[in-house]
file upload.cif (mmCIF, C-alpha atoms)
data_final
#
loop_
_atom_site.label_atom_id
_atom_site.label_comp_id
_atom_site.auth_asym_id
_atom_site.auth_seq_id
_atom_site.Cartn_x
_atom_site.Cartn_y
_atom_site.Cartn_z
CA MET A 1 -63.20 46.57 -110.78
CA SER A 2 -62.99 42.79 -110.28
CA GLN A 3 -61.01 40.61 -112.69
CA VAL A 4 -62.86 38.16 -114.88
CA THR A 5 -62.04 34.52 -114.05
CA ARG A 6 -60.29 32.33 -116.60
CA LYS A 7 -63.28 29.96 -116.58
CA THR A 8 -65.57 32.81 -117.62
CA LYS A 9 -63.12 34.01 -120.27
CA ILE A 10 -62.86 30.55 -121.82
CA GLY A 11 -66.56 29.79 -121.42
CA PHE A 12 -67.53 33.07 -123.05
CA GLY A 13 -64.87 32.89 -125.75
CA ILE A 14 -65.68 29.42 -127.00
CA GLY A 15 -69.19 30.52 -127.95
CA ASP A 16 -67.79 32.38 -130.94
CA LEU A 17 -65.99 29.29 -132.25
CA GLY A 18 -69.30 28.00 -133.56
CA GLY A 19 -70.42 31.49 -134.57
CA ASN A 20 -67.33 32.10 -136.68
CA LEU A 21 -67.49 28.57 -138.04
CA PHE A 22 -70.89 29.52 -139.43
CA PHE A 23 -69.66 32.89 -140.67
CA THR A 24 -66.69 31.31 -142.46
CA ILE A 25 -68.57 28.52 -144.19
CA ILE A 26 -71.24 30.92 -145.41
CA GLY A 27 -68.69 33.51 -146.48
CA PHE A 28 -66.22 31.20 -148.20
CA TYR A 29 -68.27 28.27 -149.47
CA LEU A 30 -72.01 28.87 -149.78
CA LEU A 31 -71.88 30.88 -153.01
CA TYR A 32 -69.57 28.25 -154.50
CA PHE A 33 -71.86 25.45 -153.27
CA LEU A 34 -74.91 27.08 -154.83
CA THR A 35 -73.25 27.74 -158.19
CA ASP A 36 -70.97 24.72 -158.68
CA VAL A 37 -72.76 21.98 -156.70
CA VAL A 38 -76.46 22.88 -156.66
CA GLY A 39 -76.24 24.39 -160.14
CA LEU A 40 -77.91 27.75 -159.59
CA SER A 41 -76.86 30.61 -161.83
CA ALA A 42 -74.41 33.05 -160.24
CA ALA A 43 -77.02 35.82 -160.24
CA LEU A 44 -79.68 33.68 -158.50
CA ALA A 45 -77.12 32.30 -156.04
CA GLY A 46 -76.02 35.82 -155.10
CA THR A 47 -79.65 36.82 -154.64
CA VAL A 48 -80.27 33.84 -152.32
CA LEU A 49 -77.46 35.07 -150.10
CA MET A 50 -78.64 38.67 -150.23
CA ILE A 51 -82.25 37.83 -149.27
CA GLY A 52 -81.12 35.51 -146.48
CA LYS A 53 -78.79 38.10 -145.02
CA ILE A 54 -81.38 40.87 -145.24
CA TRP A 55 -83.87 38.62 -143.43
CA ASP A 56 -81.16 37.85 -140.90
CA ALA A 57 -80.58 41.55 -140.39
CA VAL A 58 -84.28 42.34 -139.98
CA THR A 59 -84.65 39.78 -137.18
CA ASP A 60 -81.69 41.24 -135.25
CA PRO A 61 -83.42 44.35 -133.80
CA VAL A 62 -86.43 42.32 -132.68
CA THR A 63 -84.23 39.76 -130.93
CA GLY A 64 -82.13 42.44 -129.25
CA PHE A 65 -85.16 44.40 -128.06
CA VAL A 66 -86.94 41.32 -126.69
CA SER A 67 -83.87 39.89 -124.95
CA ASP A 68 -83.22 43.22 -123.19
CA ARG A 69 -86.70 42.93 -121.67
CA THR A 70 -86.67 39.21 -120.91
CA ARG A 71 -86.60 38.17 -117.26
CA SER A 72 -86.33 34.45 -116.47
CA ARG A 73 -84.62 32.14 -114.03
CA TRP A 74 -82.08 31.38 -116.78
CA GLY A 75 -81.35 35.06 -117.51
CA ARG A 76 -82.06 37.46 -120.35
CA ARG A 77 -79.84 35.98 -123.06
CA ARG A 78 -79.35 32.26 -122.55
CA PRO A 79 -82.88 31.00 -123.35
CA TYR A 80 -82.60 32.40 -126.88
CA MET A 81 -79.08 31.05 -127.32
CA PHE A 82 -80.30 27.59 -126.31
CA VAL A 83 -83.18 27.50 -128.81
CA GLY A 84 -81.07 29.01 -131.60
CA ALA A 85 -78.30 26.43 -131.15
CA ILE A 86 -80.71 23.52 -131.58
CA ILE A 87 -82.40 24.99 -134.67
CA GLY A 88 -79.00 25.94 -136.05
CA MET A 89 -77.67 22.40 -135.98
CA PHE A 90 -80.47 20.97 -138.12
CA SER A 91 -80.81 23.90 -140.51
CA MET A 92 -77.05 23.89 -141.15
CA GLY A 93 -77.37 20.31 -142.39
CA LEU A 94 -80.37 21.16 -144.55
CA MET A 95 -78.53 24.11 -146.08
CA PHE A 96 -75.94 21.80 -147.61
CA THR A 97 -78.34 19.04 -148.65
CA ILE A 98 -79.42 19.14 -152.29
CA PRO A 99 -83.19 18.54 -152.51
CA ASP A 100 -84.90 16.63 -155.31
CA ILE A 101 -86.12 19.77 -157.05
CA ASN A 102 -85.98 20.55 -160.76
CA GLY A 103 -85.73 24.02 -162.24
CA GLN A 104 -83.80 27.13 -161.36
CA MET A 105 -86.65 29.10 -159.76
CA PRO A 106 -88.05 26.28 -157.55
CA MET A 107 -84.51 25.58 -156.32
CA PHE A 108 -83.97 29.30 -155.77
CA PHE A 109 -87.06 29.61 -153.56
CA TYR A 110 -86.23 26.46 -151.58
CA MET A 111 -82.64 27.49 -150.90
CA THR A 112 -83.75 31.00 -149.95
CA GLY A 113 -86.22 29.59 -147.40
CA VAL A 114 -83.66 27.26 -145.81
CA PHE A 115 -81.07 30.05 -145.69
CA CYS A 116 -83.57 32.33 -143.93
CA LEU A 117 -84.27 29.61 -141.34
CA LEU A 118 -80.56 29.08 -140.77
CA ASN A 119 -80.00 32.82 -140.34
CA THR A 120 -82.88 33.04 -137.87
CA ALA A 121 -81.16 30.42 -135.73
CA TYR A 122 -77.88 32.33 -135.98
CA THR A 123 -79.63 35.52 -134.85
CA LEU A 124 -81.09 33.80 -131.79
CA MET A 125 -77.58 32.68 -130.84
CA ASN A 126 -75.47 35.63 -131.88
CA ILE A 127 -77.39 38.70 -130.68
CA PRO A 128 -77.83 37.55 -127.05
CA TYR A 129 -74.27 36.20 -127.07
CA ALA A 130 -72.80 39.54 -128.16
CA ALA A 131 -74.90 41.31 -125.52
CA LEU A 132 -73.23 39.27 -122.76
CA LEU A 133 -69.86 41.02 -123.07
CA PRO A 134 -70.82 44.45 -121.64
CA GLU A 135 -72.55 42.66 -118.75
CA ILE A 136 -69.55 40.53 -117.76
CA THR A 137 -67.20 43.45 -116.97
CA GLN A 138 -67.05 47.25 -117.13
CA ASP A 139 -63.23 47.42 -117.13
CA PHE A 140 -61.87 49.10 -120.31
CA ASN A 141 -58.85 46.79 -120.75
CA GLU A 142 -60.54 43.65 -119.39
CA ARG A 143 -63.06 43.95 -122.21
CA THR A 144 -60.24 43.88 -124.73
CA ILE A 145 -58.70 40.83 -123.02
CA LEU A 146 -62.09 39.08 -122.91
CA THR A 147 -62.58 39.92 -126.58
CA GLY A 148 -59.11 38.49 -127.24
CA TYR A 149 -60.24 35.16 -125.79
CA ARG A 150 -63.42 35.31 -127.83
CA MET A 151 -61.63 36.08 -131.06
CA SER A 152 -58.93 33.47 -130.49
CA PHE A 153 -61.71 30.90 -130.45
CA ALA A 154 -63.31 32.70 -133.39
CA VAL A 155 -60.16 32.25 -135.45
CA VAL A 156 -60.06 28.57 -134.46
CA GLY A 157 -63.64 28.36 -135.75
CA THR A 158 -62.54 30.09 -138.93
CA PHE A 159 -59.65 27.63 -139.31
CA LEU A 160 -62.03 24.72 -138.86
CA GLY A 161 -64.64 26.14 -141.21
CA ALA A 162 -62.11 27.03 -143.86
CA GLY A 163 -59.83 24.01 -143.63
CA ALA A 164 -62.13 21.08 -142.84
CA VAL A 165 -64.87 21.52 -145.44
CA PHE A 166 -63.18 19.95 -148.46
CA PRO A 167 -61.38 17.21 -146.44
CA ILE A 168 -64.73 16.09 -144.95
CA ILE A 169 -66.38 16.10 -148.36
CA GLY A 170 -63.42 14.16 -149.77
CA LEU A 171 -64.10 11.27 -147.38
CA PHE A 172 -67.16 10.33 -149.43
CA GLU A 173 -67.32 8.93 -152.96
CA ASN A 174 -70.53 10.89 -153.49
CA PRO A 175 -69.66 14.60 -153.10
CA GLU A 176 -73.30 15.54 -152.54
CA LEU A 177 -73.43 13.23 -149.51
CA GLY A 178 -70.13 14.74 -148.37
CA TRP A 179 -71.61 18.25 -148.41
CA THR A 180 -74.60 17.06 -146.36
CA VAL A 181 -72.47 15.30 -143.72
CA MET A 182 -70.19 18.32 -143.54
CA GLY A 183 -73.20 20.56 -142.87
CA TYR A 184 -74.46 18.41 -140.00
CA ILE A 185 -70.99 18.07 -138.45
CA MET A 186 -70.50 21.83 -138.48
CA GLY A 187 -74.01 22.32 -137.08
CA ALA A 188 -73.17 19.94 -134.21
CA ILE A 189 -70.02 21.93 -133.41
CA MET A 190 -72.09 25.12 -133.33
CA LEU A 191 -74.51 23.46 -130.91
CA ILE A 192 -71.83 22.09 -128.54
CA THR A 193 -69.78 25.30 -128.27
CA MET A 194 -72.87 27.43 -127.63
CA MET A 195 -74.01 25.04 -124.91
CA ILE A 196 -70.63 25.39 -123.19
CA THR A 197 -71.12 29.16 -123.05
CA ILE A 198 -74.70 28.81 -121.81
CA PHE A 199 -73.68 26.61 -118.89
CA THR A 200 -70.43 28.38 -117.87
CA VAL A 201 -71.23 32.12 -118.08
CA LYS A 202 -73.43 33.51 -115.33
CA GLU A 203 -75.60 36.47 -116.24
CA PRO A 204 -75.94 39.34 -113.75
CA ASP A 205 -79.30 39.80 -112.06
CA HIS A 206 -81.54 42.47 -113.60
CA VAL A 207 -84.72 44.09 -112.42
CA GLN A 208 -87.34 45.30 -114.87
CA ASP A 209 -86.59 48.92 -115.75
CA SER A 210 -89.76 50.97 -116.15
CA LYS A 211 -87.80 53.75 -117.90
CA GLN A 212 -87.19 51.72 -121.05
CA ALA A 213 -88.85 53.17 -124.14
CA GLY A 214 -90.88 51.32 -126.77
CA PHE A 215 -89.42 49.49 -129.75
CA PHE A 216 -89.23 52.29 -132.31
CA GLN A 217 -88.27 54.98 -129.79
CA THR A 218 -85.48 52.78 -128.43
CA TYR A 219 -83.91 52.26 -131.84
CA LYS A 220 -84.43 55.88 -132.82
CA GLU A 221 -82.50 56.95 -129.72
CA ALA A 222 -79.72 54.45 -130.46
CA LEU A 223 -79.33 55.63 -134.05
CA LYS A 224 -79.10 59.26 -132.91
CA ASN A 225 -76.02 58.39 -130.85
CA LYS A 226 -73.20 59.94 -132.91
CA VAL A 227 -70.48 58.10 -131.00
CA PHE A 228 -72.16 54.81 -131.87
CA LEU A 229 -72.48 55.74 -135.55
CA LYS A 230 -68.78 56.62 -135.75
CA ALA A 231 -68.01 53.03 -134.73
CA LEU A 232 -70.93 51.32 -136.48
CA ILE A 233 -70.44 52.65 -140.01
CA PRO A 234 -66.73 51.72 -140.28
CA TRP A 235 -67.55 48.27 -138.88
CA ALA A 236 -70.18 47.74 -141.60
CA LEU A 237 -67.82 48.95 -144.33
CA PHE A 238 -64.98 46.73 -143.12
CA ILE A 239 -67.34 43.74 -142.99
CA THR A 240 -68.47 44.42 -146.56
CA GLY A 241 -64.94 44.53 -147.91
CA THR A 242 -63.77 41.49 -145.95
CA THR A 243 -66.78 39.39 -146.99
CA MET A 244 -66.14 40.21 -150.65
CA VAL A 245 -62.57 38.98 -150.32
CA GLN A 246 -63.68 35.83 -148.49
CA GLY A 247 -66.24 34.93 -151.13
CA ALA A 248 -63.97 35.63 -154.09
CA LEU A 249 -60.73 33.92 -152.98
CA VAL A 250 -61.76 30.42 -154.03
CA TYR A 251 -62.62 31.72 -157.51
CA TYR A 252 -59.23 33.51 -157.68
CA PHE A 253 -57.22 30.38 -156.99
CA ALA A 254 -59.38 28.17 -159.18
CA ASN A 255 -59.30 30.51 -162.18
CA VAL A 256 -56.15 32.65 -161.90
CA PHE A 257 -53.72 30.01 -160.60
CA GLY A 258 -55.75 27.08 -161.93
CA ASP A 259 -55.39 25.25 -158.61
CA GLU A 260 -58.32 25.23 -156.20
CA GLY A 261 -56.18 23.45 -153.59
CA LEU A 262 -53.93 26.53 -153.21
CA PHE A 263 -56.93 28.33 -151.73
CA GLN A 264 -56.65 26.18 -148.60
CA ILE A 265 -52.95 27.00 -148.20
CA ALA A 266 -53.43 30.75 -148.61
CA LEU A 267 -56.42 30.71 -146.29
CA MET A 268 -54.49 28.86 -143.59
CA ALA A 269 -51.65 31.37 -143.92
CA LEU A 270 -54.08 34.29 -143.57
CA LEU A 271 -55.84 32.82 -140.54
CA ALA A 272 -52.70 31.51 -138.82
CA MET A 273 -51.20 34.98 -138.84
CA SER A 274 -54.50 36.46 -137.65
CA LEU A 275 -54.60 34.07 -134.69
CA LEU A 276 -50.94 34.63 -133.85
CA PHE A 277 -51.35 38.40 -133.73
CA ILE A 278 -54.52 38.56 -131.61
CA PRO A 279 -52.66 38.71 -128.25
CA ILE A 280 -50.10 41.04 -129.79
CA TRP A 281 -52.77 43.51 -130.90
CA VAL A 282 -54.41 43.26 -127.46
CA LYS A 283 -51.12 44.44 -125.94
CA ILE A 284 -50.61 47.10 -128.61
CA SER A 285 -54.13 48.46 -128.07
CA GLN A 286 -53.39 48.99 -124.38
CA ARG A 287 -50.63 51.39 -125.44
CA ILE A 288 -52.02 53.16 -128.51
CA GLY A 289 -55.77 52.57 -128.10
CA LYS A 290 -58.39 50.43 -129.79
CA LYS A 291 -59.22 52.90 -132.56
CA ASN A 292 -55.60 53.42 -133.61
CA SER A 293 -54.92 49.68 -133.57
CA TYR A 294 -58.01 49.02 -135.70
CA THR A 295 -57.06 51.74 -138.18
CA ILE A 296 -53.52 50.45 -138.62
CA GLY A 297 -54.72 46.87 -138.93
CA MET A 298 -57.27 47.54 -141.64
CA GLY A 299 -54.69 49.62 -143.50
CA ILE A 300 -52.35 46.63 -143.50
CA MET A 301 -55.17 44.39 -144.69
CA ALA A 302 -56.03 46.80 -147.53
CA VAL A 303 -52.44 46.95 -148.78
CA GLY A 304 -52.10 43.17 -148.54
CA ILE A 305 -55.16 42.27 -150.60
CA LEU A 306 -54.37 44.96 -153.17
CA VAL A 307 -50.88 43.54 -153.74
CA PHE A 308 -52.28 39.99 -153.80
CA SER A 309 -55.13 40.64 -156.22
CA LEU A 310 -53.25 42.80 -158.73
CA GLY A 311 -49.79 41.21 -158.50
CA GLY A 312 -50.57 37.58 -157.72
CA GLU A 313 -49.89 36.24 -161.21
CA GLN A 314 -46.51 38.01 -161.36
CA LEU A 315 -45.51 37.10 -157.79
CA GLY A 316 -46.38 33.44 -158.13
CA ALA A 317 -48.37 31.14 -155.89
CA LEU A 318 -45.86 30.80 -153.04
CA ILE A 319 -45.19 34.51 -152.61
CA SER A 320 -48.90 35.26 -152.98
CA CYS A 321 -49.63 32.97 -150.03
CA GLY A 322 -46.98 34.92 -148.09
CA VAL A 323 -48.70 38.18 -148.98
CA MET A 324 -51.98 36.78 -147.66
CA ALA A 325 -50.19 35.85 -144.42
CA LEU A 326 -49.03 39.46 -144.05
CA ALA A 327 -52.58 40.65 -144.71
CA GLY A 328 -53.60 38.43 -141.79
CA VAL A 329 -51.56 40.65 -139.45
CA GLY A 330 -54.01 43.44 -140.21
CA LEU A 331 -57.10 41.22 -140.35
CA SER A 332 -56.36 40.20 -136.75
CA THR A 333 -57.54 43.64 -135.54
CA HIS A 334 -60.89 43.08 -137.25
CA TYR A 335 -61.46 40.11 -134.96
CA VAL A 336 -60.65 41.97 -131.74
CA MET A 337 -61.08 45.74 -131.83
CA PRO A 338 -64.67 46.28 -133.03
CA HIS A 339 -66.09 43.85 -130.48
CA SER A 340 -64.07 45.55 -127.76
CA ILE A 341 -65.20 49.02 -128.90
CA LEU A 342 -68.92 48.18 -128.82
CA PRO A 343 -69.18 47.67 -125.01
CA ASP A 344 -67.59 51.09 -124.48
CA VAL A 345 -70.23 52.66 -126.72
CA ILE A 346 -72.96 50.86 -124.76
CA GLU A 347 -71.52 52.23 -121.52
CA HIS A 348 -71.54 55.73 -123.02
CA ASP A 349 -75.20 55.33 -123.99
CA SER A 350 -76.08 54.16 -120.47
CA MET A 351 -74.51 57.34 -119.05
CA ASN A 352 -76.72 59.47 -121.28
CA TYR A 353 -79.98 57.62 -120.51
CA ASP A 354 -80.02 57.46 -116.71
CA GLY A 355 -78.37 54.07 -116.44
CA VAL A 356 -80.82 52.19 -118.73
CA ARG A 357 -78.99 49.11 -120.04
CA ARG A 358 -79.58 48.38 -123.76
CA GLU A 359 -76.92 45.83 -124.61
CA GLY A 360 -79.30 43.83 -126.79
CA VAL A 361 -80.39 46.86 -128.78
CA PHE A 362 -76.87 48.00 -129.61
CA SER A 363 -75.62 44.48 -130.23
CA SER A 364 -78.53 43.87 -132.60
CA LEU A 365 -77.84 47.06 -134.54
CA TRP A 366 -74.16 46.13 -134.67
CA THR A 367 -74.97 42.70 -136.05
CA PHE A 368 -77.73 44.14 -138.27
CA MET A 369 -75.24 46.38 -140.06
CA SER A 370 -72.67 43.60 -140.35
CA LYS A 371 -75.27 41.40 -142.03
CA ILE A 372 -76.35 44.19 -144.36
CA GLY A 373 -72.69 44.51 -145.26
CA GLN A 374 -72.42 40.76 -145.81
CA ALA A 375 -75.59 40.72 -147.89
CA LEU A 376 -74.31 43.53 -150.08
CA ALA A 377 -70.91 41.89 -150.47
CA LEU A 378 -72.25 38.44 -151.34
CA ALA A 379 -74.77 39.86 -153.77
CA LEU A 380 -72.11 42.02 -155.42
CA ASN A 381 -69.87 38.99 -155.79
CA GLY A 382 -72.63 36.99 -157.48
CA TRP A 383 -73.78 39.84 -159.69
CA ILE A 384 -70.28 40.86 -160.78
CA LEU A 385 -69.36 37.25 -161.54
CA SER A 386 -72.50 37.07 -163.68
CA ILE A 387 -71.68 40.34 -165.45
CA VAL A 388 -68.14 39.21 -166.33
CA GLY A 389 -69.50 35.94 -167.72
CA TYR A 390 -68.47 33.43 -165.06
CA GLN A 391 -69.79 29.92 -165.74
CA ALA A 392 -68.92 26.94 -163.55
CA GLY A 393 -66.86 24.26 -165.29
CA THR A 394 -65.72 26.45 -168.20
CA VAL A 395 -62.39 28.10 -168.95
CA ALA A 396 -62.35 31.64 -167.56
CA THR A 397 -62.11 34.47 -170.07
CA ASP A 398 -59.92 37.57 -169.63
CA SER A 399 -63.04 39.49 -168.61
CA THR A 400 -63.87 36.91 -165.95
CA ILE A 401 -60.31 36.98 -164.56
CA THR A 402 -60.43 40.79 -164.35
CA GLY A 403 -63.73 40.67 -162.49
CA ILE A 404 -62.41 38.12 -159.98
CA LYS A 405 -59.31 40.26 -159.35
CA LEU A 406 -61.47 43.31 -158.71
CA LEU A 407 -63.52 41.35 -156.17
CA CYS A 408 -60.38 40.23 -154.30
CA GLY A 409 -58.74 43.64 -153.96
CA PRO A 410 -59.64 47.02 -155.49
CA ILE A 411 -63.38 47.02 -154.71
CA PRO A 412 -62.97 45.88 -151.06
CA VAL A 413 -60.19 48.45 -150.57
CA ILE A 414 -62.65 51.23 -151.40
CA PHE A 415 -64.82 50.10 -148.47
CA TYR A 416 -61.74 49.92 -146.20
CA VAL A 417 -60.56 53.43 -147.03
CA ILE A 418 -63.98 55.01 -146.41
CA GLY A 419 -64.25 53.12 -143.12
CA ILE A 420 -60.83 54.29 -141.94
CA ILE A 421 -61.73 57.91 -142.69
CA ILE A 422 -64.95 57.73 -140.66
CA LEU A 423 -63.33 55.82 -137.77
CA ALA A 424 -60.82 58.65 -137.33
CA SER A 425 -63.52 60.75 -135.60
CA TYR A 426 -64.47 58.07 -133.03
CA PRO A 427 -63.77 59.72 -129.62
CA ILE A 428 -63.64 57.04 -126.89
CA ASN A 429 -60.15 56.19 -125.68
CA LYS A 430 -58.90 55.04 -122.26
CA GLU A 431 -58.82 58.57 -120.82
CA PHE A 432 -62.31 59.38 -122.15
CA TYR A 433 -63.68 56.11 -120.75
CA ASP A 434 -62.13 56.51 -117.30
CA LYS A 435 -63.55 60.02 -116.95
CA MET A 436 -66.96 58.71 -118.01
CA ILE A 437 -66.94 55.95 -115.39
CA ALA A 438 -65.64 58.33 -112.72
CA ALA A 439 -68.54 60.69 -113.45
CA ARG A 440 -70.97 57.82 -112.93
CA LEU A 441 -69.37 56.76 -109.64
CA GLU A 442 -69.10 60.30 -108.20
CA PRO A 443 -72.75 60.55 -107.01
CA VAL A 444 -72.35 57.20 -105.24
CA ILE A 445 -69.18 58.35 -103.51
CA ILE A 446 -70.86 61.58 -102.38
CA GLU A 447 -73.84 59.63 -101.03
CA GLU A 448 -71.59 57.24 -99.10
CA ALA A 449 -69.66 60.19 -97.63
CA ARG A 450 -72.87 61.57 -96.23
#

call {"tool": "encode", "arguments": {"input": "upload.cif", "output": "structure tokens"}}
result
Amino acid sequence: MSQVTRKTKIGFGIGDLGGNLFFTIIGFYLLYFLTDVVGLSAALAGTVLMIGKIWDAVTDPVTGFVSDRTRSRWGRRRPYMFVGAIIGMFSMGLMFTIPDINGQMPMFFYMTGVFCLLNTAYTLMNIPYAALLPEITQDFNERTILTGYRMSFAVVGTFLGAGAVFPIIGLFENPELGWTVMGYIMGAIMLITMMITIFTVKEPDHVQDSKQAGFFQTYKEALKNKVFLKALIPWALFITGTTMVQGALVYYFANVFGDEGLFQIALMALLAMSLLFIPIWVKISQRIGKKNSYTIGMGIMAVGILVFSLGGEQLGALISCGVMALAGVGLSTHYVMPHSILPDVIEHDSMNYDGVRREGVFSSLWTFMSKIGQALALALNGWILSIVGYQAGTVATDSTITGIKLLCGPIPVIFYVIGIIILASYPINKEFYDKMIAARLEPVIIEEAR
């Protein structure tokens, strides 16, 4: 199988810089923005995020199905990525602009509508983008390397999203204006990076396949694929746990340590270690496999956040930041392994359905479940904060502190443990994959011999 050029690796990888920039800002800051800047109650803010993510998830299958069947001079995926990038830039700015609206419910409905628009744009970019990976190469290890490039840029996007938000806002005397400018700057970065991918990655030529089933039959077949489910369910559980941690960290540092600025330091430590270990985990996975690497990594992450959340006050701020850095060693696998596993599952499905290619369908289901996980996590964060009596601008009670600690460690760890147990039965390793590809090529070899 031919090697992927460095230009293609970089061009493909940079597309997820903007995608993860979006993911990080939404995961780390949007709940805080809605509660502490816009002034929505924690319960309503959590519900805004839940509705937006559910809408986002619902649009995923439609986008994946349609892009699989699109035939144009620009390819199957890139037209949608182009439109989504443009809408995404403007809706990202609107999301962080406070409108002149009075009342909790009118503000709730407005913010929900804008968040749904923003998520629609993200779907148009992200689903076709994810579907490109299985089309670029069929090589088992090359997919991991390509995913390594993608996730290295993704971590850069996470760094930018996590570290630049407050500094940009701080440039302005009016914080509300700062939030708006920040939103448009981040939207512009999303637009530029996606355009680089669109104009550097060439899609393979496809002919219309008459064997493709209808919408509901296609997704029914995909969800009956047990191999896919054994990868999909752990992915959704890991996303849920990780999103809960992301959304709760800023509350932990603001209320447990009494220093919101420490959040930036801990976050940089977590992400720096994640970025550093991406190429290391790529090498490790070539020896012990993607599944084993992912399992070990999420185990490390689970132990790290548990120690941080329950022992942070006793350990102190400096050591707690070190613990978060160690957790980043495990989190690194969450950036690489699942996105490298998915193309192998798609290849397995193609073997079972006479070569029909359904990258968009599987990528949309993959993203659908991640967004359901995010929606659940963000809603749980908002609801639990409301239950424990969190109120912006007030001194946190013991009950509030306990709730924040639970959101940063014990509750996410439950999702991690269940995911690790299910992932243990996922069957595709290098040997399995090579035999599968050899079985596909055998009829061709026999025909050529004749």

call {"tool": "residues_around", "arguments": {"input": "upload.cif", "residues": "Lys9 (chain A)", "least_positions_apart": "5", "cutoff": "12 Å", "atoms": "all atoms listed in the file", "output": "ChimeraX atom specification"}}
result
/A:3-4,14-16,132-133,136-137,142-153,196-197,200-202

call {"tool": "resolve_selection", "arguments": {"input": "upload.cif", "expression": "the PyMOL selection byres ((chain A and resi 282) around 10)", "output": "list in words"}}
result
Asn141, Thr144, Ile145, Leu146, Thr147, Gly148, Phe277, Ile278, Pro279, Ile280, Trp281, Lys283, Ile284, Ser285, Gln286, Arg287, Gly289, Lys290, Ser293, Ser332, Thr333, Val336, Met337 and Ser340 of chain A

call {"tool": "write_last_selection", "arguments": {"input": "upload.cif", "atoms": "C-alpha atoms", "output": "CSV table (one decimal), in the coordinates of the input"}}
result
chain,number,residue,atom,x,y,z
A,141,ASN,CA,-58.8,46.8,-120.8
A,144,THR,CA,-60.2,43.9,-124.7
A,145,ILE,CA,-58.7,40.8,-123.0
A,146,LEU,CA,-62.1,39.1,-122.9
A,147,THR,CA,-62.6,39.9,-126.6
A,148,GLY,CA,-59.1,38.5,-127.2
A,277,PHE,CA,-51.4,38.4,-133.7
A,278,ILE,CA,-54.5,38.6,-131.6
A,279,PRO,CA,-52.7,38.7,-128.2
A,280,ILE,CA,-50.1,41.0,-129.8
A,281,TRP,CA,-52.8,43.5,-130.9
A,283,LYS,CA,-51.1,44.4,-125.9
A,284,ILE,CA,-50.6,47.1,-128.6
A,285,SER,CA,-54.1,48.5,-128.1
A,286,GLN,CA,-53.4,49.0,-124.4
A,287,ARG,CA,-50.6,51.4,-125.4
A,289,GLY,CA,-55.8,52.6,-128.1
A,290,LYS,CA,-58.4,50.4,-129.8
A,293,SER,CA,-54.9,49.7,-133.6
A,332,SER,CA,-56.4,40.2,-136.8
A,333,THR,CA,-57.5,43.6,-135.5
A,336,VAL,CA,-60.6,42.0,-131.7
A,337,MET,CA,-61.1,45.7,-131.8
A,340,SER,CA,-64.1,45.6,-127.8

call {"tool": "atom_distance", "arguments": {"input": "upload.cif", "atom1": "CA of Gly11 (chain A)", "atom2": "CA of Pro234 (chain A)"}}
result
28.9 Å

call {"tool": "residues_around", "arguments": {"input": "upload.cif", "residues": "Ala375 (chain A)", "least_positions_apart": "6", "cutoff": "8 Å", "atoms": "all atoms listed in the file", "output": "MDAnalysis selection string"}}
result
chainID A and resid 49:54

call {"tool": "residues_around", "arguments": {"input": "upload.cif", "residues": "region 164-174 of chain A", "least_positions_apart": "2", "cutoff": "10 Å", "atoms": "all atoms listed in the file", "output": "ChimeraX atom specification"}}
result
/A:25,29,158-162,176-183,185-186,261,264

call {"tool": "residues_around", "arguments": {"input": "upload.cif", "residues": "Val245 (chain A)", "least_positions_apart": "6", "cutoff": "7 Å", "atoms": "only C-alpha atoms", "output": "ChimeraX atom specification"}}
result
/A:407-408,412

call {"tool": "resolve_selection", "arguments": {"input": "upload.cif", "expression": "the PyMOL selection byres ((chain A and resi 302) around 12)", "output": "CSV table (one decimal) with C-alpha atoms, in the coordinates of the input"}}
result
chain,number,residue,atom,x,y,z
A,238,PHE,CA,-65.0,46.7,-143.1
A,241,GLY,CA,-64.9,44.5,-147.9
A,242,THR,CA,-63.8,41.5,-146.0
A,245,VAL,CA,-62.6,39.0,-150.3
A,295,THR,CA,-57.1,51.7,-138.2
A,296,ILE,CA,-53.5,50.4,-138.6
A,297,GLY,CA,-54.7,46.9,-138.9
A,298,MET,CA,-57.3,47.5,-141.6
A,299,GLY,CA,-54.7,49.6,-143.5
A,300,ILE,CA,-52.4,46.6,-143.5
A,301,MET,CA,-55.2,44.4,-144.7
A,303,VAL,CA,-52.4,47.0,-148.8
A,304,GLY,CA,-52.1,43.2,-148.5
A,305,ILE,CA,-55.2,42.3,-150.6
A,306,LEU,CA,-54.4,45.0,-153.2
A,307,VAL,CA,-50.9,43.5,-153.7
A,308,PHE,CA,-52.3,40.0,-153.8
A,309,SER,CA,-55.1,40.6,-156.2
A,323,VAL,CA,-48.7,38.2,-149.0
A,324,MET,CA,-52.0,36.8,-147.7
A,326,LEU,CA,-49.0,39.5,-144.0
A,327,ALA,CA,-52.6,40.6,-144.7
A,328,GLY,CA,-53.6,38.4,-141.8
A,329,VAL,CA,-51.6,40.6,-139.4
A,330,GLY,CA,-54.0,43.4,-140.2
A,331,LEU,CA,-57.1,41.2,-140.4
A,334,HIS,CA,-60.9,43.1,-137.2
A,408,CYS,CA,-60.4,40.2,-154.3
A,409,GLY,CA,-58.7,43.6,-154.0
A,410,PRO,CA,-59.6,47.0,-155.5
A,411,ILE,CA,-63.4,47.0,-154.7
A,412,PRO,CA,-63.0,45.9,-151.1
A,413,VAL,CA,-60.2,48.4,-150.6
A,414,ILE,CA,-62.6,51.2,-151.4
A,415,PHE,CA,-64.8,50.1,-148.5
A,416,TYR,CA,-61.7,49.9,-146.2
A,417,VAL,CA,-60.6,53.4,-147.0
A,418,ILE,CA,-64.0,55.0,-146.4
A,419,GLY,CA,-64.2,53.1,-143.1
A,420,ILE,CA,-60.8,54.3,-141.9
